[in-house]
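Below is input12.csv, which holds CSV, C-alpha atoms.
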chain,number,residue,atom,x,y,z
A,1,MET,CA,12.8,34.1,0.6
A,2,SER,CA,9.7,32.1,1.4
A,3,PRO,CA,9.8,28.3,1.0
A,4,PRO,CA,8.4,26.8,-2.2
A,5,ARG,CA,4.9,25.5,-2.2
A,6,ALA,CA,3.7,21.9,-2.7
A,7,VAL,CA,0.1,20.9,-3.1
A,8,VAL,CA,-0.8,17.3,-2.4
A,9,ILE,CA,-4.1,16.0,-3.9
A,10,GLY,CA,-5.4,13.2,-1.7
A,11,ALA,CA,-5.0,12.5,2.0
A,12,GLY,CA,-4.5,8.7,2.0
A,13,ILE,CA,-1.4,7.1,3.5
A,14,GLY,CA,0.7,8.0,0.5
A,15,GLY,CA,-0.5,11.6,0.3
A,16,LEU,CA,0.0,12.2,4.0
A,17,THR,CA,3.4,10.6,4.2
A,18,ALA,CA,4.5,12.6,1.2
A,19,ALA,CA,3.3,15.8,2.9
A,20,LEU,CA,5.3,15.0,6.0
A,21,ALA,CA,8.4,14.1,4.0
A,22,LEU,CA,8.2,17.3,2.0
A,23,HIS,CA,7.5,19.4,5.1
A,24,ARG,CA,10.6,18.0,6.8
A,25,ARG,CA,12.6,18.8,3.6
A,26,GLY,CA,11.6,22.5,3.9
A,27,TRP,CA,8.5,22.8,1.7
A,28,ARG,CA,5.3,24.6,2.5
A,29,VAL,CA,2.7,22.0,2.0
A,30,THR,CA,-1.1,22.0,1.5
A,31,VAL,CA,-3.0,18.7,1.4
A,32,LEU,CA,-6.5,18.8,-0.3
A,33,GLU,CA,-8.9,15.9,0.4
A,34,ARG,CA,-12.3,15.6,-1.1
A,35,ALA,CA,-13.7,13.5,1.8
A,36,ALA,CA,-15.2,15.3,4.8
A,37,GLY,CA,-12.8,13.6,7.2
A,38,LEU,CA,-9.7,11.5,7.4
A,39,ALA,CA,-11.4,8.2,8.2
A,40,PRO,CA,-9.1,5.6,6.5
A,41,VAL,CA,-10.5,3.0,4.2
A,42,GLY,CA,-9.8,-0.4,5.8
A,43,ALA,CA,-9.1,-1.0,9.5
A,44,ALA,CA,-5.5,-2.2,9.4
A,45,LEU,CA,-2.3,-1.9,7.5
A,46,THR,CA,0.5,-4.4,7.2
A,47,LEU,CA,4.0,-2.8,7.2
A,48,ALA,CA,6.9,-4.8,5.8
A,49,PRO,CA,10.4,-3.9,6.8
A,50,ASN,CA,10.9,-1.7,3.7
A,51,ALA,CA,8.0,0.6,4.7
A,52,GLN,CA,9.2,0.6,8.3
A,53,ARG,CA,12.6,1.8,7.2
A,54,ALA,CA,10.9,4.5,5.1
A,55,LEU,CA,9.0,5.7,8.1
A,56,ALA,CA,12.2,5.6,10.2
A,57,ALA,CA,13.6,8.1,7.7
A,58,LEU,CA,10.7,10.4,8.8
A,59,SER,CA,11.6,9.7,12.5
A,60,LEU,CA,8.4,7.7,13.0
A,61,ASP,CA,10.0,4.4,13.8
A,62,GLU,CA,9.7,4.5,17.6
A,63,GLU,CA,6.0,5.6,17.5
A,64,VAL,CA,5.2,2.9,15.0
A,65,SER,CA,6.9,0.3,17.2
A,66,ARG,CA,4.7,1.3,20.1
A,67,LEU,CA,1.5,1.2,18.1
A,68,ALA,CA,2.1,-1.9,16.0
A,69,ALA,CA,1.0,-5.4,16.8
A,70,TRP,CA,4.1,-7.6,16.3
A,71,ASP,CA,3.0,-10.4,14.0
A,72,GLY,CA,4.6,-13.7,15.3
A,73,ASP,CA,5.1,-17.1,13.7
A,74,GLY,CA,2.8,-17.8,10.8
A,75,LEU,CA,1.5,-20.6,8.6
A,76,LEU,CA,0.5,-21.0,5.0
A,77,ARG,CA,-2.3,-23.6,5.0
A,78,ASP,CA,-4.8,-25.4,2.8
A,79,PRO,CA,-8.5,-25.1,3.5
A,80,ARG,CA,-8.4,-28.3,5.7
A,81,GLY,CA,-5.8,-26.6,7.9
A,82,ARG,CA,-2.9,-28.7,6.8
A,83,PRO,CA,0.4,-26.7,6.7
A,84,LEU,CA,2.0,-25.9,3.4
A,85,ALA,CA,4.8,-23.9,4.7
A,86,ARG,CA,5.9,-22.0,7.9
A,87,THR,CA,7.7,-18.9,8.8
A,88,THR,CA,8.8,-17.1,12.0
A,89,SER,CA,9.3,-13.5,13.1
A,90,ALA,CA,12.9,-14.3,13.8
A,91,SER,CA,13.5,-15.5,10.3
A,92,VAL,CA,11.9,-12.3,8.8
A,93,VAL,CA,14.1,-10.2,11.0
A,94,THR,CA,17.2,-12.2,10.0
A,95,ARG,CA,16.5,-12.0,6.3
A,96,PHE,CA,15.1,-8.5,6.0
A,97,GLY,CA,16.3,-6.6,9.1
A,98,GLY,CA,12.9,-6.2,10.7
A,99,PRO,CA,9.6,-7.9,11.3
A,100,LEU,CA,6.2,-7.8,9.6
A,101,VAL,CA,3.9,-5.7,11.7
A,102,VAL,CA,0.2,-4.8,11.7
A,103,LEU,CA,-0.9,-1.3,12.5
A,104,ARG,CA,-4.2,0.5,12.7
A,105,ARG,CA,-4.5,2.7,9.6
A,106,SER,CA,-6.1,5.4,11.8
A,107,ASP,CA,-3.1,5.3,14.2
A,108,LEU,CA,-0.7,5.9,11.3
A,109,VAL,CA,-2.8,8.7,9.9
A,110,ASP,CA,-3.0,10.4,13.3
A,111,LEU,CA,0.8,10.0,13.8
A,112,VAL,CA,1.6,11.7,10.5
A,113,VAL,CA,-1.0,14.5,10.8
A,114,ASP,CA,0.1,15.3,14.3
A,115,ARG,CA,3.6,16.2,12.8
A,116,LEU,CA,2.2,18.5,10.1
A,117,PRO,CA,1.7,22.2,10.8
A,118,GLU,CA,-1.9,23.0,11.8
A,119,GLY,CA,-4.0,23.7,8.8
A,120,THR,CA,-1.9,21.7,6.4
A,121,VAL,CA,-4.7,19.2,5.7
A,122,ARG,CA,-7.9,20.6,4.3
A,123,THR,CA,-10.8,18.1,4.1
A,124,GLY,CA,-14.0,18.6,2.1
A,125,GLU,CA,-11.9,20.1,-0.7
A,126,ALA,CA,-12.4,18.3,-4.0
A,127,ALA,CA,-9.2,19.3,-6.0
A,128,PHE,CA,-8.5,19.0,-9.7
A,129,LEU,CA,-5.2,19.3,-11.5
A,130,ALA,CA,-5.7,22.2,-13.9
A,131,ASP,CA,-2.2,22.7,-15.2
A,132,ALA,CA,0.8,20.3,-14.7
A,133,GLY,CA,3.2,23.3,-14.8
A,134,ALA,CA,6.5,23.5,-16.6
A,135,PRO,CA,10.0,25.1,-16.2
A,136,GLY,CA,9.3,28.7,-15.5
A,137,ARG,CA,5.5,28.2,-15.0
A,138,PRO,CA,3.8,27.0,-11.8
A,139,ALA,CA,1.4,24.1,-11.7
A,140,LYS,CA,-2.3,24.9,-10.8
A,141,VAL,CA,-4.8,23.0,-8.7
A,142,SER,CA,-8.4,24.1,-8.6
A,143,THR,CA,-11.1,23.6,-6.0
A,144,ALA,CA,-14.7,24.9,-5.9
A,145,GLY,CA,-13.5,28.2,-4.4
A,146,GLU,CA,-9.8,28.6,-5.0
A,147,VAL,CA,-7.0,28.1,-7.5
A,148,TYR,CA,-3.7,27.1,-5.9
A,149,GLU,CA,-0.4,27.8,-7.7
A,150,ALA,CA,2.4,25.4,-6.8
A,151,ASP,CA,6.0,24.7,-7.5
A,152,LEU,CA,5.1,21.0,-7.1
A,153,VAL,CA,1.9,19.0,-7.2
A,154,VAL,CA,1.8,15.5,-5.8
A,155,CYS,CA,-1.1,13.6,-7.2
A,156,ALA,CA,-2.0,10.9,-4.6
A,157,ASP,CA,-5.6,10.6,-5.5
A,158,GLY,CA,-5.8,6.8,-5.6
A,159,VAL,CA,-6.5,4.1,-8.1
A,160,ASN,CA,-9.2,6.1,-9.9
A,161,SER,CA,-6.9,9.1,-10.1
A,162,ALA,CA,-8.5,12.1,-12.0
A,163,SER,CA,-5.0,13.6,-12.0
A,164,ARG,CA,-3.6,10.7,-13.9
A,165,ARG,CA,-6.2,11.2,-16.6
A,166,VAL,CA,-5.2,14.8,-16.9
A,167,LEU,CA,-1.5,14.0,-17.2
A,168,PHE,CA,-1.8,11.0,-19.4
A,169,PRO,CA,-5.2,11.2,-21.1
A,170,HIS,CA,-4.5,8.4,-23.6
A,171,HIS,CA,-3.5,5.8,-21.0
A,172,PRO,CA,-6.4,3.2,-20.4
A,173,GLY,CA,-6.0,3.4,-16.6
A,174,PRO,CA,-6.2,0.4,-14.2
A,175,ALA,CA,-7.8,-2.8,-15.2
A,176,TYR,CA,-9.9,-5.1,-13.1
A,177,GLY,CA,-7.6,-7.6,-11.4
A,178,GLY,CA,-10.1,-10.4,-11.3
A,179,TRP,CA,-10.4,-10.4,-7.5
A,180,THR,CA,-12.7,-9.1,-4.9
A,181,VAL,CA,-11.4,-8.5,-1.4
A,182,TRP,CA,-13.2,-8.4,1.9
A,183,ARG,CA,-11.6,-6.7,4.9
A,184,ILE,CA,-12.8,-7.4,8.4
A,185,LEU,CA,-12.0,-6.9,12.1
A,186,ALA,CA,-12.9,-9.7,14.5
A,187,PRO,CA,-12.3,-10.5,18.1
A,188,THR,CA,-9.1,-12.6,18.7
A,189,PRO,CA,-10.1,-16.3,19.2
A,190,GLN,CA,-8.3,-18.7,21.6
A,191,ARG,CA,-5.4,-20.8,20.2
A,192,PHE,CA,-4.9,-18.3,17.4
A,193,VAL,CA,-1.9,-18.6,15.0
A,194,PRO,CA,-1.5,-16.0,12.3
A,195,HIS,CA,-2.1,-17.7,9.0
A,196,GLU,CA,-2.8,-17.3,5.3
A,197,THR,CA,-4.9,-20.1,3.6
A,198,TRP,CA,-5.0,-20.8,-0.1
A,199,GLY,CA,-8.0,-22.6,-1.6
A,200,GLY,CA,-9.1,-22.8,-5.2
A,201,GLY,CA,-9.3,-19.1,-6.4
A,202,GLN,CA,-9.8,-18.1,-2.8
A,203,VAL,CA,-7.5,-16.8,-0.1
A,204,TRP,CA,-8.1,-16.2,3.6
A,205,GLY,CA,-5.7,-14.4,5.9
A,206,SER,CA,-5.9,-13.6,9.6
A,207,LEU,CA,-3.3,-11.4,11.4
A,208,ILE,CA,-3.2,-10.1,14.9
A,209,ARG,CA,-3.9,-6.3,14.9
A,210,ASP,CA,-3.9,-5.9,18.7
A,211,PRO,CA,-4.5,-8.2,21.7
A,212,GLU,CA,-8.3,-7.9,21.3
A,213,SER,CA,-8.7,-8.0,17.5
A,214,VAL,CA,-7.7,-9.8,14.4
A,215,PHE,CA,-7.4,-8.2,10.9
A,216,ILE,CA,-8.9,-10.5,8.3
A,217,TYR,CA,-8.5,-10.2,4.5
A,218,ALA,CA,-10.5,-12.6,2.3
A,219,CYS,CA,-10.1,-12.7,-1.5
A,220,ALA,CA,-11.9,-14.5,-4.3
A,221,VAL,CA,-11.8,-14.7,-8.0
A,222,THR,CA,-15.1,-13.1,-9.0
A,223,GLU,CA,-16.9,-11.0,-11.6
A,224,ARG,CA,-16.4,-7.2,-11.3
A,225,GLY,CA,-19.0,-5.3,-9.4
A,226,GLY,CA,-20.6,-8.3,-7.7
A,227,ARG,CA,-22.6,-8.0,-4.4
A,228,SER,CA,-24.3,-10.7,-2.4
A,229,PRO,CA,-28.1,-10.3,-2.3
A,230,ASP,CA,-28.2,-11.6,1.3
A,231,GLY,CA,-25.2,-9.7,2.6
A,232,GLU,CA,-21.5,-10.1,2.5
A,233,LYS,CA,-21.3,-12.1,5.7
A,234,ALA,CA,-23.5,-14.7,4.1
A,235,GLU,CA,-21.3,-14.7,1.1
A,236,LEU,CA,-18.2,-15.3,3.2
A,237,ARG,CA,-20.0,-18.1,5.0
A,238,ARG,CA,-20.7,-19.8,1.7
A,239,ARG,CA,-17.1,-19.4,0.5
A,240,PHE,CA,-15.1,-20.0,3.7
A,241,GLY,CA,-17.5,-21.3,6.4
A,242,HIS,CA,-16.3,-24.9,5.9
A,243,TRP,CA,-12.6,-24.1,6.1
A,244,HIS,CA,-10.3,-24.9,9.0
A,245,HIS,CA,-10.4,-23.5,12.6
A,246,PRO,CA,-10.7,-20.6,13.4
A,247,VAL,CA,-12.2,-19.4,10.1
A,248,PRO,CA,-15.8,-20.5,11.0
A,249,ALA,CA,-15.5,-19.1,14.5
A,250,LEU,CA,-14.2,-15.8,13.2
A,251,LEU,CA,-17.1,-15.5,10.8
A,252,ASP,CA,-19.5,-16.3,13.7
A,253,SER,CA,-18.0,-13.4,15.7
A,254,ILE,CA,-18.7,-10.6,13.2
A,255,GLY,CA,-21.7,-8.6,12.1
A,256,GLU,CA,-22.6,-7.6,8.6
A,257,GLU,CA,-21.5,-4.0,9.4
A,258,ASP,CA,-18.0,-5.3,10.1
A,259,VAL,CA,-17.4,-6.4,6.5
A,260,LEU,CA,-15.9,-4.1,3.8
A,261,ARG,CA,-15.9,-5.3,0.2
A,262,HIS,CA,-13.9,-3.9,-2.7
A,263,ASP,CA,-13.0,-5.0,-6.2
A,264,VAL,CA,-9.3,-5.0,-7.0
A,265,PHE,CA,-7.8,-3.0,-9.8
A,266,HIS,CA,-4.2,-2.9,-11.0
A,267,MET,CA,-2.1,-1.1,-13.6
A,268,ALA,CA,-2.0,-3.9,-16.2
A,269,GLN,CA,-0.5,-1.5,-18.7
A,270,PRO,CA,2.2,0.4,-16.8
A,271,LEU,CA,2.5,4.1,-17.3
A,272,GLU,CA,5.5,5.2,-19.4
A,273,ARG,CA,6.3,7.8,-16.8
A,274,TYR,CA,5.0,9.1,-13.4
A,275,GLN,CA,5.6,12.8,-13.9
A,276,ARG,CA,4.9,15.7,-16.3
A,277,GLY,CA,6.1,19.2,-15.7
A,278,ARG,CA,5.8,20.0,-12.0
A,279,SER,CA,3.3,17.3,-11.2
A,280,VAL,CA,4.0,13.7,-10.1
A,281,LEU,CA,1.9,10.6,-9.5
A,282,LEU,CA,2.4,8.7,-6.2
A,283,GLY,CA,1.0,5.5,-4.8
A,284,ASP,CA,-2.0,3.8,-6.4
A,285,ALA,CA,-2.4,6.7,-8.7
A,286,ALA,CA,0.8,5.6,-10.4
A,287,HIS,CA,1.2,1.9,-9.8
A,288,ALA,CA,-1.9,0.2,-8.4
A,289,MET,CA,-1.3,-3.5,-7.9
A,290,VAL,CA,-3.2,-6.6,-6.8
A,291,PRO,CA,-2.7,-7.1,-3.1
A,292,THR,CA,-1.0,-10.6,-3.3
A,293,LEU,CA,2.2,-9.2,-1.9
A,294,GLY,CA,0.7,-6.8,0.6
A,295,GLN,CA,2.8,-4.0,-0.8
A,296,GLY,CA,0.4,-1.3,-2.0
A,297,ALA,CA,0.6,1.1,0.9
A,298,ASN,CA,4.2,0.1,1.5
A,299,MET,CA,5.1,1.3,-2.0
A,300,ALA,CA,3.3,4.6,-1.4
A,301,ILE,CA,5.3,5.2,1.7
A,302,GLU,CA,8.5,4.4,-0.1
A,303,ASP,CA,7.5,6.8,-2.9
A,304,SER,CA,7.1,9.6,-0.4
A,305,VAL,CA,10.5,9.3,1.0
A,306,VAL,CA,12.2,9.0,-2.4
A,307,LEU,CA,10.3,12.0,-3.7
A,308,ALA,CA,11.3,14.2,-0.8
A,309,HIS,CA,14.9,13.0,-1.3
A,310,HIS,CA,15.0,14.3,-4.9
A,311,VAL,CA,13.0,17.6,-4.5
A,312,ALA,CA,15.2,19.8,-2.4
A,313,PRO,CA,13.5,23.2,-1.9
A,314,ASP,CA,15.9,24.8,-4.3
A,315,ALA,CA,15.8,22.0,-6.9
A,316,ASP,CA,14.9,22.2,-10.5
A,317,VAL,CA,11.6,20.5,-9.9
A,318,PRO,CA,10.9,19.0,-13.4
A,319,ALA,CA,14.4,17.6,-13.5
A,320,ALA,CA,14.1,16.3,-9.9
A,321,LEU,CA,10.8,14.6,-10.7
A,322,ALA,CA,12.5,13.0,-13.7
A,323,ARG,CA,15.1,11.5,-11.4
A,324,TYR,CA,12.3,10.3,-9.0
A,325,ASP,CA,10.6,8.7,-12.0
A,326,GLU,CA,13.8,6.9,-13.0
A,327,GLU,CA,14.2,5.5,-9.5
A,328,ARG,CA,10.7,4.5,-8.7
A,329,ARG,CA,9.1,3.4,-12.0
A,330,PRO,CA,11.3,0.3,-12.6
A,331,ARG,CA,10.8,-0.9,-9.1
A,332,THR,CA,7.1,-0.4,-8.9
A,333,THR,CA,6.5,-1.7,-12.4
A,334,ALA,CA,8.4,-4.9,-11.6
A,335,LEU,CA,6.3,-5.3,-8.4
A,336,ILE,CA,3.0,-4.9,-10.3
A,337,ARG,CA,4.1,-7.8,-12.5
A,338,ARG,CA,5.4,-9.9,-9.6
A,339,ALA,CA,2.1,-9.4,-7.7
A,340,GLU,CA,0.1,-10.4,-10.8
A,341,ARG,CA,2.2,-13.6,-11.2
A,342,ALA,CA,1.5,-14.5,-7.6
A,343,SER,CA,-2.2,-13.9,-8.2
A,344,ARG,CA,-2.3,-16.3,-11.1
A,345,ILE,CA,-0.9,-19.0,-8.7
A,346,MET,CA,-3.5,-18.2,-6.1
A,347,ALA,CA,-6.3,-18.2,-8.7
A,348,LEU,CA,-5.8,-21.8,-9.7
A,349,ARG,CA,-9.1,-23.8,-9.3
A,350,SER,CA,-8.9,-27.2,-10.9
A,351,PRO,CA,-8.4,-30.1,-8.5
A,352,ALA,CA,-5.3,-31.3,-10.5
A,353,ALA,CA,-3.7,-27.8,-10.5
A,354,LEU,CA,-4.4,-27.3,-6.8
A,355,ALA,CA,-2.9,-30.7,-5.9
A,356,LEU,CA,0.2,-29.9,-8.0
A,357,ARG,CA,0.6,-26.4,-6.5
A,358,ASP,CA,0.1,-27.4,-2.9
A,359,GLY,CA,2.3,-30.5,-3.2
A,360,ALA,CA,5.1,-28.5,-4.8
A,361,ILE,CA,4.9,-25.9,-2.0
A,362,ARG,CA,5.0,-28.6,0.7
A,363,ALA,CA,8.0,-30.3,-0.9
A,364,MET,CA,9.9,-27.2,-1.5
A,365,ALA,CA,9.3,-25.9,2.0
A,366,LYS,CA,11.0,-29.0,3.4
A,367,VAL,CA,14.2,-28.5,1.4
A,368,VAL,CA,14.4,-24.7,0.9
A,369,PRO,CA,14.8,-22.7,4.1
A,370,GLY,CA,12.7,-19.6,4.2
A,371,LEU,CA,10.6,-20.5,1.2
A,372,LEU,CA,7.8,-18.1,2.0
A,373,LEU,CA,10.2,-15.3,2.5
A,374,ARG,CA,12.1,-15.7,-0.8
A,375,GLY,CA,9.2,-14.1,-2.6
A,376,PHE,CA,10.0,-10.8,-0.8
A,377,ASP,CA,13.7,-10.7,-1.7
A,378,GLY,CA,14.4,-7.5,-3.4
A,379,VAL,CA,11.2,-6.0,-1.9
A,380,ALA,CA,11.3,-6.1,1.9
A,381,ASP,CA,15.1,-5.5,2.0
A,382,TRP,CA,14.8,-2.1,0.3
A,383,GLN,CA,16.7,0.8,1.9
A,384,PRO,CA,15.6,4.5,1.7
A,385,PRO,CA,18.0,7.1,0.4
A,386,VAL,CA,19.9,9.2,2.9
A,387,THR,CA,18.4,12.7,2.9
A,388,PRO,CA,19.2,15.7,5.1
A,389,PRO,CA,16.4,16.4,7.5
A,390,GLY,CA,16.0,20.0,6.5
A,391,PRO,CA,16.4,22.3,3.5
A,392,ARG,CA,19.5,21.8,1.5
A,393,PRO,CA,21.6,25.1,1.4
A,394,ARG,CA,22.2,26.7,-1.9
A,395,ASP,CA,25.6,26.1,-3.5
A,396,THR,CA,27.5,29.4,-3.1
A,397,HIS,CA,30.8,28.1,-4.5
A,398,ALA,CA,32.1,29.7,-7.6
A,399,THR,CA,32.9,27.5,-10.5
A,400,GLY,CA,35.2,27.9,-13.5
Now that the file is in, can you turn its structure into structure tokens?
Amino acid sequence: MSPPRAVVIGAGIGGLTAALALHRRGWRVTVLERAAGLAPVGAALTLAPNAQRALAALSLDEEVSRLAAWDGDGLLRDPRGRPLARTTSASVVTRFGGPLVVLRRSDLVDLVVDRLPEGTVRTGEAAFLADAGAPGRPAKVSTAGEVYEADLVVCADGVNSASRRVLFPHHPGPAYGGWTVWRILAPTPQRFVPHETWGGGQVWGSLIRDPESVFIYACAVTERGGRSPDGEKAELRRRFGHWHHPVPALLDSIGEEDVLRHDVFHMAQPLERYQRGRSVLLGDAAHAMVPTLGQGANMAIEDSVVLAHHVAPDADVPAALARYDEERRPRTTALIRRAERASRIMALRSPAALALRDGAIRAMAKVVPGLLLRGFDGVADWQPPVTPPGPRPRDTHATG
């Protein structure tokens, strides 16, 4: 008997890790990606301990450890550089069982693709969910030249998911989160300490990606669809050029071509479920969230491992997807709301509100050990389900 077939729509981090998890579970997997290649959006990826444990369940932990830049002690600052709170790698490990690390997105993509059978990932293939499937009827995915029948379709086609619109046509989809984010790689300056800085409706973060480069994320409360007429580097100078060292030096070291700008969307109205028939939503297609907790890709990686745990090759797929939904939807919906609450605190702009916020953080940090880390309780301490590495044998025991 040939293994069941899964089709994955989208070859981002979520789609690829889902493909690997299903392959290891015994599925025959095809990944369809509309882009001509697998160049990841964004240069770096922050992996919290929860995502690292999910990758360990796929036997990727040793490789990730070799490729990752270990993020050391860090500071939360105000724009003048005054500390609001501190944290250390040791305290992250003590609290959550692992550190926070920064990894090249391309390295993680290559790591996953290298473990998939040759020909699994097909680029330049715009795929559309034509039929969600049902018990006794396969799902169907169409491309320009082929129709794929599948026992399982994983819709990992991102925040603007066309698959989600097919599965849930009456859902309004993601809403603008009120933020624009810029992502940058810059040379590592001297005397550099990883930090995140909160201003009035603006945030700047700098993390070590590798010995030569720093991953920067800058966020600001802006109107949707904005673009700077004189370039994004000039916009960043206006917003952050007067902030503490090394922010101006980092801006001096980059070119316009180094800056990526994207508006942020989130699932302000959560979906009532993530599956229908033999099709399931995964990652941002299901639960896009504002990036204030840095958990978007981490949740997609978790999704992948949990999905493979539930869909054994001989499983009743619609019933297994319902169990996946029951496990993942409450957690990710809660995190959407948690990230949105954090964004409201970061979005404060009046001088009185900023003084109150920053003063409260400083005061609490002195009396509450691990203040910065408490926001990740129940998130970074997640444990993946224990799943056999290969196909689950059919039950041959008689009952009655």
Problem - Who sits within 10 Å of Gly199 (chain A), all atoms listed in the file, same chain under 5 positions skipped, as a PyMOL selection string - result: chain A and resi 77-80+204+220+239-240+243+346-349+354+358
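Taking CA of Leu335 (chain A) and CA of Val379 (chain A) as the two end points, the separation is 8.2 Å.
Distance check against Ala268 (chain A) using only C-alpha atoms: of A:Pro172, A:Gly255, A:Gly283, A:Gly201, the minimum falls on A:Pro172.
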Handout entry: Surrounding residues of Met299 (chain A) excluding itself and chain neighbours under 6 positions, 9 Å, only C-alpha atoms, as number ranges by chain
Key = A: 14, 50-51, 282-284, 287, 332
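When all atoms listed in the file are used to compute distances to Ala132 (chain A), the closest of the residues A:Ala339, A:Leu372, A:Val166, A:Ala352 turns out to be A:Val166.
Pairwise distance (CA of Asp151 (chain A), CA of Val306 (chain A)) equals 17.6 Å.
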Practice task
Between A:Ala68, A:Ala186, A:Val31, A:Leu281, single out the one closest to Gly119 (chain A), counting all atoms listed in the file.
Solution key: A:Val31
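Checking A:Val113, A:Ala35, A:Ala249, A:Val29 one by one against Ala150 (chain A), counting only C-alpha atoms, you find the shortest gap at A:Val29.
For the residues A:Ala355, A:Ala300, A:Leu260, A:Ala218, ranking by smallest atom-to-atom distance to Glu196 (chain A) using all atoms listed in the file places A:Ala218 first.
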So that I can check the surroundings of Gly98 (chain A), please list as a PDB file with C-alpha atoms, keeping the file's coordinate frame every protein, DNA and RNA residue that reaches within 12 Å of it, counting only C-alpha atoms and ignoring chain neighbours fewer than 3 positions away.
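The result, stored in selection.pdb:
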ATOM      1  CA  LEU A  47       4.000  -2.800   7.200  1.00  0.00           C
ATOM      2  CA  ALA A  48       6.900  -4.800   5.800  1.00  0.00           C
ATOM      3  CA  PRO A  49      10.400  -3.900   6.800  1.00  0.00           C
ATOM      4  CA  ASN A  50      10.900  -1.700   3.700  1.00  0.00           C
ATOM      5  CA  ALA A  51       8.000   0.600   4.700  1.00  0.00           C
ATOM      6  CA  GLN A  52       9.200   0.600   8.300  1.00  0.00           C
ATOM      7  CA  ARG A  53      12.600   1.800   7.200  1.00  0.00           C
ATOM      8  CA  ALA A  56      12.200   5.600  10.200  1.00  0.00           C
ATOM      9  CA  ASP A  61      10.000   4.400  13.800  1.00  0.00           C
ATOM     10  CA  SER A  65       6.900   0.300  17.200  1.00  0.00           C
ATOM     11  CA  TRP A  70       4.100  -7.600  16.300  1.00  0.00           C
ATOM     12  CA  ASP A  71       3.000 -10.400  14.000  1.00  0.00           C
ATOM     13  CA  THR A  88       8.800 -17.100  12.000  1.00  0.00           C
ATOM     14  CA  SER A  89       9.300 -13.500  13.100  1.00  0.00           C
ATOM     15  CA  ALA A  90      12.900 -14.300  13.800  1.00  0.00           C
ATOM     16  CA  SER A  91      13.500 -15.500  10.300  1.00  0.00           C
ATOM     17  CA  VAL A  92      11.900 -12.300   8.800  1.00  0.00           C
ATOM     18  CA  VAL A  93      14.100 -10.200  11.000  1.00  0.00           C
ATOM     19  CA  THR A  94      17.200 -12.200  10.000  1.00  0.00           C
ATOM     20  CA  ARG A  95      16.500 -12.000   6.300  1.00  0.00           C
ATOM     21  CA  VAL A 101       3.900  -5.700  11.700  1.00  0.00           C
ATOM     22  CA  ALA A 380      11.300  -6.100   1.900  1.00  0.00           C
ATOM     23  CA  ASP A 381      15.100  -5.500   2.000  1.00  0.00           C
ATOM     24  CA  TRP A 382      14.800  -2.100   0.300  1.00  0.00           C
ATOM     25  CA  GLN A 383      16.700   0.800   1.900  1.00  0.00           C
TER      26      GLN A 383
END
